[in-house]
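> A single structure is presented below for examination.
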Amino acid sequence: MTSAAPPRTTEFVDPRYRDIDAWPPATALAALLEAQLAAAAAVQAALPAIAAAAAAAAARLEAGGRLVYAGAGTSGRLAVQDAAELVPTFGWPAARLVLLPAGGAAALLHAVEGAEDDDAAAHTMVAEHALGAADVAIGVAASGNTAFTCAVLAAAAARGAVTIGIANSPGTRLLALAAHPILADTGAEPIAGSTRLKAGTAQKIVLNLLSTLLMLRLGHVYRGLMVDMVVGNAKLHARARAMLHTLTGAEDAAAAGALAAAGGNVKTAVLLLRGLDIAAARALLARHRGRLRAALGELAGG
């Protein structure tokens, strides 16, 4: 008789890893790596859901909405990390990010007792930030049943926001609540309940894919380049000048001058190097909602 498949839950004790603490280090490492690769592979089935979520989110964000990230513990930290990196990488406005980690900012470094069970705090945060129909709320929970994260999505949905739920266990409350559920079914962990392992890896990949696809759809990338990045140090200034050389052929001095005139904005600098003045460059980008490809198309008469 064939034995039943183990339950697909992050809390299940997988018999394959029962004696992992007694294995030779090399064997344990190989098994842990194999589990990480399986976590990455689990995201494949979620690609259509990620694409659908990005399409719905882009429509709201195009109109000026905010991106809201919510989660507890590891999931909350991964959500906040994804959000924080959108500002320097894609120039996403910090004012259009709302971060709702269970337990507040202190929980990013230290465990806050009971925070993940505090659904009242979730409702309070949603009300304080006045989430509404223009916004997109992303909730992340490995178990899919974290009270705080589910409460954020429920409250956001009640206010008309687009809701996206990312979970690692099927048939869970978060996925049922979300207008756009994304399941990365990673199953049992090598160390039962330690969702910083497989579940965390899959969550990071899903968040990477979702937010990057959003930024692509919203025009923050052109020809594979981060043309909206914040030029905040010498390395990034050199990268921006290199982008301008790639996109326009401008030599370093001309690229640096255009970048300075554009206030560090690569897209505006490209248009300056194409012969526009600063006002015309900004107006052209505004007409095309910041999309450099479309702006250049108009400039070329396309």
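Labeling convention for the structure tokens: chains A, B, ... as they appear, residues from 1 per chain, ligands from 1 in order of appearance.
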How close does each residue of segment 65-120 of chain A get to segment 229-249 of chain A, giving the shortest atom pair and distance in Å to one decimal for every residue with an atom at most 6 Å away, counting only C-alpha atoms, sorted by chain and residue number, as a tab-separated table?

residue	atom	partner	partner_atom	distance
A:Pro88	CA	A:Val230	CA	4.9
A:Thr89	CA	A:Met229	CA	4.7
A:Phe90	CA	A:Met229	CA	4.7
A:Gly91	CA	A:Met229	CA	5.0
> Find the residues near segment 33-44 of chain A: any atom within 7 Å, counting only C-alpha atoms, skip ones fewer than 6 places away on the same chain, and give them as a PyMOL selection string.
chain A and resi 184-186+198-199+201-202+206
> Compile the contact shell of Ala122 of chain A as a PyMOL selection string: residues with an atom at most 6 Å away, counting only C-alpha atoms, same-chain residues fewer than 5 positions apart removed.
chain A and resi 148+151-152
> Output the selection as an mmCIF file, in the first residue's frame - C-alpha atoms for each residue.

data_model
loop_
_atom_site.group_PDB
_atom_site.id
_atom_site.type_symbol
_atom_site.label_atom_id
_atom_site.label_comp_id
_atom_site.auth_asym_id
_atom_site.auth_seq_id
_atom_site.Cartn_x
_atom_site.Cartn_y
_atom_site.Cartn_z
ATOM 1 C CA PHE A 148 -2.570 40.339 11.878
ATOM 2 C CA ALA A 151 -6.897 41.481 9.303
ATOM 3 C CA VAL A 152 -4.898 44.009 7.260
#
> So how far away is atom CA of Thr149 of chain A from atom CA of Ala120 of chain A, in Å?
11.0 Å
> May I have all residues of segment 127-231 of chain A that DSSP, computed from the backbone, assigns to helix (DSSP H, G or I), given as a short mmCIF file (atom, residue, chain, number, x, y, z; two decimals) with N, CA and C atoms, in the first residue's frame?

data_model
loop_
_atom_site.label_atom_id
_atom_site.label_comp_id
_atom_site.auth_asym_id
_atom_site.auth_seq_id
_atom_site.Cartn_x
_atom_site.Cartn_y
_atom_site.Cartn_z
N ALA A 127 -6.65 52.08 9.43
CA ALA A 127 -7.42 53.32 9.60
C ALA A 127 -6.50 54.53 9.70
N GLU A 128 -5.40 54.39 10.45
CA GLU A 128 -4.48 55.52 10.62
C GLU A 128 -3.88 55.98 9.30
N ALA A 147 -3.15 36.09 11.97
CA ALA A 147 -4.29 36.96 12.28
C ALA A 147 -4.04 38.40 11.86
N PHE A 148 -2.87 38.94 12.19
CA PHE A 148 -2.57 40.34 11.88
C PHE A 148 -2.64 40.58 10.38
N THR A 149 -1.98 39.73 9.60
CA THR A 149 -1.89 39.94 8.16
C THR A 149 -3.26 39.76 7.50
N CYS A 150 -4.00 38.76 7.94
CA CYS A 150 -5.35 38.56 7.42
C CYS A 150 -6.23 39.77 7.73
N ALA A 151 -6.08 40.33 8.92
CA ALA A 151 -6.90 41.48 9.30
C ALA A 151 -6.56 42.70 8.46
N VAL A 152 -5.28 42.89 8.13
CA VAL A 152 -4.90 44.01 7.26
C VAL A 152 -5.58 43.87 5.91
N LEU A 153 -5.51 42.68 5.31
CA LEU A 153 -6.12 42.49 4.00
C LEU A 153 -7.63 42.65 4.05
N ALA A 154 -8.27 42.13 5.10
CA ALA A 154 -9.72 42.26 5.22
C ALA A 154 -10.13 43.73 5.35
N ALA A 155 -9.40 44.47 6.17
CA ALA A 155 -9.72 45.89 6.37
C ALA A 155 -9.45 46.70 5.11
N ALA A 156 -8.34 46.39 4.43
CA ALA A 156 -8.01 47.09 3.19
C ALA A 156 -9.06 46.82 2.12
N ALA A 157 -9.48 45.56 2.01
CA ALA A 157 -10.51 45.20 1.03
C ALA A 157 -11.81 45.93 1.31
N ALA A 158 -12.16 46.04 2.58
CA ALA A 158 -13.40 46.72 2.96
C ALA A 158 -13.37 48.19 2.56
N ARG A 173 -6.69 31.12 4.99
CA ARG A 173 -7.55 32.30 5.10
C ARG A 173 -7.03 33.47 4.28
N LEU A 174 -5.72 33.71 4.31
CA LEU A 174 -5.16 34.84 3.58
C LEU A 174 -5.46 34.73 2.10
N LEU A 175 -5.32 33.53 1.56
CA LEU A 175 -5.58 33.32 0.13
C LEU A 175 -7.06 33.51 -0.19
N ALA A 176 -7.93 33.13 0.74
CA ALA A 176 -9.36 33.30 0.53
C ALA A 176 -9.76 34.77 0.60
N LEU A 177 -9.09 35.54 1.44
CA LEU A 177 -9.40 36.95 1.60
C LEU A 177 -8.92 37.80 0.43
N LYS A 198 12.52 27.39 3.45
CA LYS A 198 11.86 27.26 2.16
C LYS A 198 10.80 28.33 1.92
N ALA A 199 9.94 28.52 2.90
CA ALA A 199 8.86 29.50 2.72
C ALA A 199 9.43 30.90 2.51
N GLY A 200 10.42 31.27 3.31
CA GLY A 200 11.01 32.59 3.18
C GLY A 200 11.68 32.80 1.83
N THR A 201 12.37 31.77 1.34
CA THR A 201 13.01 31.87 0.03
C THR A 201 11.97 32.08 -1.06
N ALA A 202 10.89 31.30 -1.02
CA ALA A 202 9.85 31.43 -2.04
C ALA A 202 9.16 32.79 -1.94
N GLN A 203 8.92 33.27 -0.72
CA GLN A 203 8.30 34.58 -0.55
C GLN A 203 9.17 35.68 -1.16
N LYS A 204 10.46 35.60 -0.91
CA LYS A 204 11.38 36.61 -1.45
C LYS A 204 11.33 36.61 -2.97
N ILE A 205 11.29 35.41 -3.55
CA ILE A 205 11.23 35.33 -5.01
C ILE A 205 9.92 35.91 -5.53
N VAL A 206 8.81 35.56 -4.90
CA VAL A 206 7.51 36.09 -5.33
C VAL A 206 7.49 37.61 -5.22
N LEU A 207 7.97 38.13 -4.10
CA LEU A 207 8.01 39.59 -3.93
C LEU A 207 8.90 40.24 -4.98
N ASN A 208 10.07 39.66 -5.23
CA ASN A 208 10.96 40.18 -6.27
C ASN A 208 10.24 40.25 -7.61
N LEU A 209 9.59 39.14 -7.98
CA LEU A 209 8.94 39.07 -9.28
C LEU A 209 7.78 40.05 -9.37
N LEU A 210 6.95 40.08 -8.33
CA LEU A 210 5.77 40.94 -8.34
C LEU A 210 6.16 42.42 -8.42
N SER A 211 7.05 42.87 -7.55
CA SER A 211 7.38 44.29 -7.53
C SER A 211 8.18 44.69 -8.77
N THR A 212 9.03 43.82 -9.27
CA THR A 212 9.80 44.15 -10.47
C THR A 212 8.89 44.23 -11.69
N LEU A 213 7.94 43.29 -11.80
CA LEU A 213 6.99 43.36 -12.91
C LEU A 213 6.16 44.63 -12.83
N LEU A 214 5.78 45.02 -11.61
CA LEU A 214 5.06 46.27 -11.43
C LEU A 214 5.88 47.46 -11.94
N MET A 215 7.15 47.50 -11.56
CA MET A 215 8.00 48.61 -11.98
C MET A 215 8.21 48.61 -13.50
N LEU A 216 8.28 47.43 -14.09
CA LEU A 216 8.37 47.35 -15.55
C LEU A 216 7.12 47.93 -16.20
N ARG A 217 5.95 47.53 -15.67
CA ARG A 217 4.69 47.99 -16.24
C ARG A 217 4.51 49.50 -16.08
#
> Work out how far atom CA of Arg223 of chain A is from atom CA of Ile164 of chain A, in Å to one decimal.
28.3 Å
> So how far away is atom CA of Leu218 of chain A from atom CA of Leu97 of chain A, in Å?
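Separation of atom CA of Leu97 of chain A and atom CA of Leu218 of chain A: 15.3 Å.
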> Kindly indicate which residue among A:Gly297, A:Gly64, A:Pro15, A:Gly275 lies nearest to Ala258 of chain A, using only C-alpha atoms for the distances.
A:Gly275
> Got a sec to tell me which of segment 75-268 of chain A DSSP assigns to strand (DSSP E), as a list in words?
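Filtering segment 75-268 of chain A to strand (DSSP E) leaves Leu97, Val98, Leu99, Leu100, Pro101, Val136, Ala137, Ile138, Gly139, Val140, Ala141, Val162, Thr163, Ile164, Gly165, Ile166, Ala167, His180, Pro181, Ile182 and Leu183 of chain A.
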> Could you write out that same residue set with C-alpha atoms as a PDB file, in the first residue's frame?

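Saved as out27.pdb:
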ATOM      1  CA  LEU A  97       4.809  53.297   0.459  1.00  0.00           C
ATOM      2  CA  VAL A  98       2.977  52.141   3.573  1.00  0.00           C
ATOM      3  CA  LEU A  99       4.786  49.559   5.717  1.00  0.00           C
ATOM      4  CA  LEU A 100       2.711  47.597   8.215  1.00  0.00           C
ATOM      5  CA  PRO A 101       4.898  45.053  10.042  1.00  0.00           C
ATOM      6  CA  VAL A 136      -2.708  48.162  -3.273  1.00  0.00           C
ATOM      7  CA  ALA A 137      -2.257  46.030  -0.141  1.00  0.00           C
ATOM      8  CA  ILE A 138       0.147  43.082  -0.183  1.00  0.00           C
ATOM      9  CA  GLY A 139      -0.069  40.658   2.731  1.00  0.00           C
ATOM     10  CA  VAL A 140       2.578  37.974   3.248  1.00  0.00           C
ATOM     11  CA  ALA A 141       2.189  34.993   5.599  1.00  0.00           C
ATOM     12  CA  VAL A 162      -6.717  45.919  -4.341  1.00  0.00           C
ATOM     13  CA  THR A 163      -5.555  43.039  -2.137  1.00  0.00           C
ATOM     14  CA  ILE A 164      -2.772  40.554  -2.865  1.00  0.00           C
ATOM     15  CA  GLY A 165      -2.073  37.622  -0.555  1.00  0.00           C
ATOM     16  CA  ILE A 166       1.177  35.642  -0.643  1.00  0.00           C
ATOM     17  CA  ALA A 167       1.199  32.354   1.296  1.00  0.00           C
ATOM     18  CA  HIS A 180      -5.350  38.108  -5.954  1.00  0.00           C
ATOM     19  CA  PRO A 181      -4.069  35.050  -4.053  1.00  0.00           C
ATOM     20  CA  ILE A 182      -0.524  33.874  -4.784  1.00  0.00           C
ATOM     21  CA  LEU A 183       0.382  30.413  -3.486  1.00  0.00           C
TER      22      LEU A 183
END
> Which one of A:Gly219, A:Gly160, A:Pro25, A:Gly187 sits closest to Leu285 of chain A if you count only C-alpha atoms?
A:Gly219
> Do you know which residues are at most 12 Å from Ala106 of chain A counting only C-alpha atoms, after dropping those on the same chain fewer than 6 positions away, and could you put them as a PyMOL selection string?
chain A and resi 72-73+76-77+100+112-113+115
> Which of these, A:Gly263, A:Trp92, A:Ala279, A:Ala188, has the shortest distance to Met226 of chain A once you count only C-alpha atoms?
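For Met226 of chain A, the nearest of the candidates is A:Trp92.
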> Which is closest to Glu11 of chain A among A:Leu131, A:Ala300, A:Ala102, A:Ala192, if we use only C-alpha atoms?
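The closest residue to Glu11 of chain A is A:Ala192.
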> From the list A:Arg159, A:Leu271, A:Tyr69, A:Ile278, which residue is nearest Ala295 of chain A when using only C-alpha atoms?
A:Leu271
